[in-house]
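These notes are about the structure you will find just below.
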Amino acid sequence: MTSTLELKADKMLKVQFVGDDDVLNHILDREGGPKIKKERAQLLVNTQKIIKKPENELEEDDQEVLKDHNYVEVLGQDVQESLKNGSATDGGNKVYPFQNRKHPEKMAKLASELAKTPRKSVSLNMKNDPKITIDIPQCSKGKILPQLFKESFQELLQIINNDKSEFLSTAPRGLRKRLIVPRSHSDSESEYSASNSEDDEGVAQEYEEDTNEDILSQKIQAQNREVSAPVFRETPSKKMKREKTSHLVEKYFEAHSSSKVLTSDRTLQKLKRAKLDQQTLHNLLSKVSPSFSAELKQLNQQHEQLFHKWMLQLHLGFNIVLYGLGSKRDLLERFRTTMLQDCIHIVINGFFPGISVKSVLNSVTEVLDHVGTFRSVLDQLEWITNKFKEDSSLELFLLIHNLDSQMLRGDKSQQIIGQLSSLRNIYLIASIDHLNAPLMWDHAKQSLYNWLWYETTTYSHYTEETSYENSLLVKQSGSLPLSSLIHVLRSLTPNARGIFRLLIKYQLDNQDNPSYTGLCFQDFYQQCREAFLVNSDLTLRAQLTEFRDHKLIRTKKGTDGVEYLLIPVDNGILTDFLENEEEEL
Amino acid sequence: MATSSVSKGCFVFKPNFKKRKISVPIEDYFNKGKNASEDSKLRFETYQLIWQQMKSETERLQEELNKNLFDSLVEFLQTSHSGLWKNSKDWSCEIKLREIPTAALVLGVNVTDHDLTLRSLTEVLQNNVTPYVVSLQAKDCPDMKHFLQKLVSQLMDCKVDVQSKEKESVQVIQKNVHYSMDSLSAWYMSVTQKTDPKMPRKKRTSSSQWQSPPVVLILKDMESFTTKVLQDFIIISSQHLHEFPLILIFGIATSPVVIHRLLPHAVSSLLCIELFQSLSCKEHLTTVLDKLLLTTQFPFKLSEKVLQILTNIFLYHDFSIQNFIKGLQLSLLEHFYSQPLSVLCCNLPEAKRRIRFLSANQCENIRRLPSFRRYVEKQSSEKQVALLTSDKFLKEETQSLLENLHVYHKNYFLVLRCLHQFTSSLPKYPLGRQIRELYCMCLEKSIWDSEEYASVLQLLRLLAKDELMAMLQNCFKLFQSSSGKELGNTAKRIEEFLAQFQSLDETKEEEDTSQSQSKGLQKTDLYHLQKSLLEMKELRSTSKRQTKFEVLREQVVSFVDSLVREYLLPPDTQPLHETLYFSSAHTLRQHLNAAPRIALHTALNNPYYYLKNEALRSEEGCIPNVAPDICIAYKLHLECSRLINLVDWSEAFATVVTAAEKMDANSVTSEERNEIIHLQCSVY
């Protein structure tokens, strides 16, 4: 697979225009280079300093670790029990990681390895080399928690290794890149693809390095005397914590050091595959039978057994929130159809793009048969509160799918929904999906909601929830696809086609300019005249009206009152269109 | 009716009104749960009964704890405006006139409990000081206009409560959109004048002191108010103070310094601030625990882990008593919901009565209890057979066992408190400073096996006499106050010890005095003095080994030790403890202190945990390629930095999936499917 990928990458090498900004970026990059190096050197000095530090201080640290561990043990013991595999045991290192910069090719590499070894385990720590295994027994001599230490040590070593290899691969590559840049500029070669091919070389290089470890370490020592591997080897386990934190810090800054993040330059347009429209996609997807359906069914049944309990707890003044991977919409729907048939209830789709607290409150007042309007949301809430307090026989179930959606996650909305849910005869059952959803609620809101948490992992697809989103891979029916563009233009006069082509070219020339608002009408007129396409202002306008009627262009008034013309079609399609035209000619 | 639509997001379902009337009683949900076993109705009733009792008890406690605070507050409020009307010619009063009396109420960080406290405060004030009590929250008052609007509307409401006749005038004023301090004071004047003739009849106590009662304004969360609004309001109202007697109460969560940080000197000099401190929430927790769990009043008990979790949530997360009580409620509910034998979790005579009506099925349940099995194994063989076969015999035995359990608890808490008396003041607190820590330890295991307990005994052996006597005194009081017969002679023992210490005192004093007397009389030369000093030294060194006091101290320590060993057995040694103790800490944790992040992480990284399919079983840190698509996509995305190239991603994904499925035709679909998943991933 990697080979095919590489082949593809080769195929995609393309001549591209390099804007001034890119050149500028390169210059800045060059300045940034040495700086990073300096920081590295300082950091190494630091680690040596730390090693010299008196031990008693470090022991204090250990005690803290113990305390922390106690806390984790007490509160986390059940998590550990429930997880059993221990993925959460190492202090959430893996649950709360920094995103570190990784090699762009790594994903493909991992994919190929995952594919190659169907049953065998492919661990992520591919760089675990013999050296580490040698070192582990040393560190397990440490006073506390050998297990915990082993893990952190392993990770640390991994980080060190990553650093080293990156050092090794980045430094020379950067140099070479800089050498290449002027040439590539003159050759008008794309910067991205250049770095891309470089990266591929780098991968190959790394593979080699992985195979013979000795050469690697020698290289490190030769290239960089500051990085002396023995220092790391000799460090006793106690110092590890310090170093680990410093490395964590480094990791963080590494992840956020440059604002420019490089991804590869492959785009969807270049993928030679016809786009599907929504309907065919839907059909194709429905044909695929989900894997593990028996297990999923069992999982769902487990959740369904809780329905009665939920009803009980709702009635006793708690509110229920569901979390876990997978869409919980179907589950809540089943809850609704089985339990709530005889009760007044309101279903709120939080994922609906136009939802707001106002509409939630409106539907509540609709239940209460209120006619008229309210001055403000707070007034409405007050009215509802009074109504529910007066009439204790009134009961209302609120089902909210995705309480953490874009529209409802605001502080005010949450406050209002919380106040609603704190009413004794309003029962709220909601689902959340976002990783950080619990951050919406401070203590005050949490006590309003009075949540009981239920984990309902379903693994089902978020089909309904994402139905309001547009996919990049799906053909958009709203936008103008290539075929219709060609079709419309064919029906036009050659002059009109020429006018349109002018506009396309201008727009494509400016596609890298983020502040491009469109072509000014006067300039356009000038250009058209020069190309002998129109002879008067009026003919051009008449032509433009026709374009506008076919939704081929859009006009916008600028700040200076001048009309700007824009083609609301993707640049990729425009390029294809131009190629098509040229072929015909 | 479907609940998905392109045009709206809210769907109202309103069933037929008549149909709705026959709503299902709550008990039914209790019954229909998965353990639809016997006595569920009875169990639910017991739950409600106990919960009601507990709730009212906590409310009573809250009231009691706040009583001091409220009393002093009321006193402050009553005196603050008295100078205003009596001798206004006095110069100091003139100054005071300009200052708004303000009570700064430091409530602590447990914001969630404030509401309850302030609500009861409002009630108290309305009964004792003035009918005009208004409380405002920061979120209602983003600016001055809203502030005044809220203030006015709430004041009108207060008035309406007192006199419903006023309604017309209220409506007139409410229609007036323009709210100002002037109109407010004018309204106040009119109201007080109007009510004056009636007041003496109605509210003699409050109106006798002033011609007009003050207006109390409570700012619930002072810190979150906009400074500008606060400053403006204070400046304006200080101008109107002579005609509109206002008193402010600031609810403060952090520290009183915040007043000066929020208000510049020019403004804060307009306030006459007095500080009030509410009880710390930790003390509150201690009392709640003391009155709810460390008594025999409520049969329901928590196991060590559950208690640990509840207190940890309290100490590490929110300091909120309300949340703690919520946790207690949940554990009570869970206990009655999941344990069929919890029907016996009620007071002793009732439980005995219920045992007689136990069904055969329930008897089986009893036999299945691990603690009961252990008990049976210890019995003689005939008795074993009888217990396992005859329901009647079982019931009798259960009755006596329950009785034992009851007695055990009675003694347990007494001895626990007694031990706490001894350990709570030791240096470094080896067994904890709070009784809850001690309780947790005792619940967990036999405490005498622990190192801490050994060190406690060591430390007790080093105590001075007066300390020891004070402790003994306290214990004596404890035992005396309880009516238990079983520990009656313990109290007697302690009394004896005390008497012995007393007599020790006297004899020693006598010795001391005689010695000093003899010393004082003799006139000696240097040689004799040295000799006598040497003698004394020897005497002291020998007596150090063998004083009566030390013997007695040793006796006391061993007495305490024997008490602990006899009565502080961990509850899981007792047969039938499962009926009273709620031990499923796991469920409690899941529902109260959930970790959605970990759940997502596990679901993505280790699908085997949820989908018990052998194909998914794998080592940590890797997933098989047959895993659900989302897991694979997630794994691949981890390999990227902040931005991800969609094409690379889907290519990589397709590689994995095709390898797994060996179906090229499907790759397009899975790629597209990947896209759908991607959208969701971007949500994370």
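If you're wondering about the labels, chains in the structure tokens are A, B, ... by order shown, residues count from 1 in each chain, ligands from 1 in order shown.
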
- Expected answer as a PyMOL selection string: alpha helix (DSSP H) residues in stretch 210-441 of chain B: chain B and resi 227-239+257-262+265-268+281-292+304-312+321-338+348-356+360-368+370-378+381-389+391-423+435-441

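We find atom CA of B:Gly9 and atom CA of A:Asn349 to be spaced 4.9 Å apart.
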
- Residue nearest chain A - candidates B:Ala360, B:Leu125, B:Leu468, B:Leu310, atoms counted: only C-alpha atoms: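 Nearest candidate to chain A out of B:Ala360, B:Leu125, B:Leu468, B:Leu310: B:Leu310.
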
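Between atom CA of A:Tyr516 and atom CA of A:Asn495 lies a distance of 25.6 Å.
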
- Please provide the set of residues having any atom within 9 Å of B:Leu478, restricted to only C-alpha atoms, with same-chain residues fewer than 3 positions apart removed, written as a list in words.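 Using only C-alpha atoms, the neighbours found are Leu414, Arg417, Cys418, Gln473, Asn474, Cys475, Ser481, Ser482 and Ala491 of chain B.
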
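Proximity ranking of B:Gln480, B:Ser255, B:Gln308, B:Asn128 relative to chain A places B:Gln308 first, based on only C-alpha atoms.
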
- Which neighbours of A:Ser363 fall inside 9 Å, counting only C-alpha atoms, when residues of the same chain fewer than 3 positions from it are skipped, and could you give them as a ChimeraX atom specification? /A:346,358-360,366-368 /B:10-12
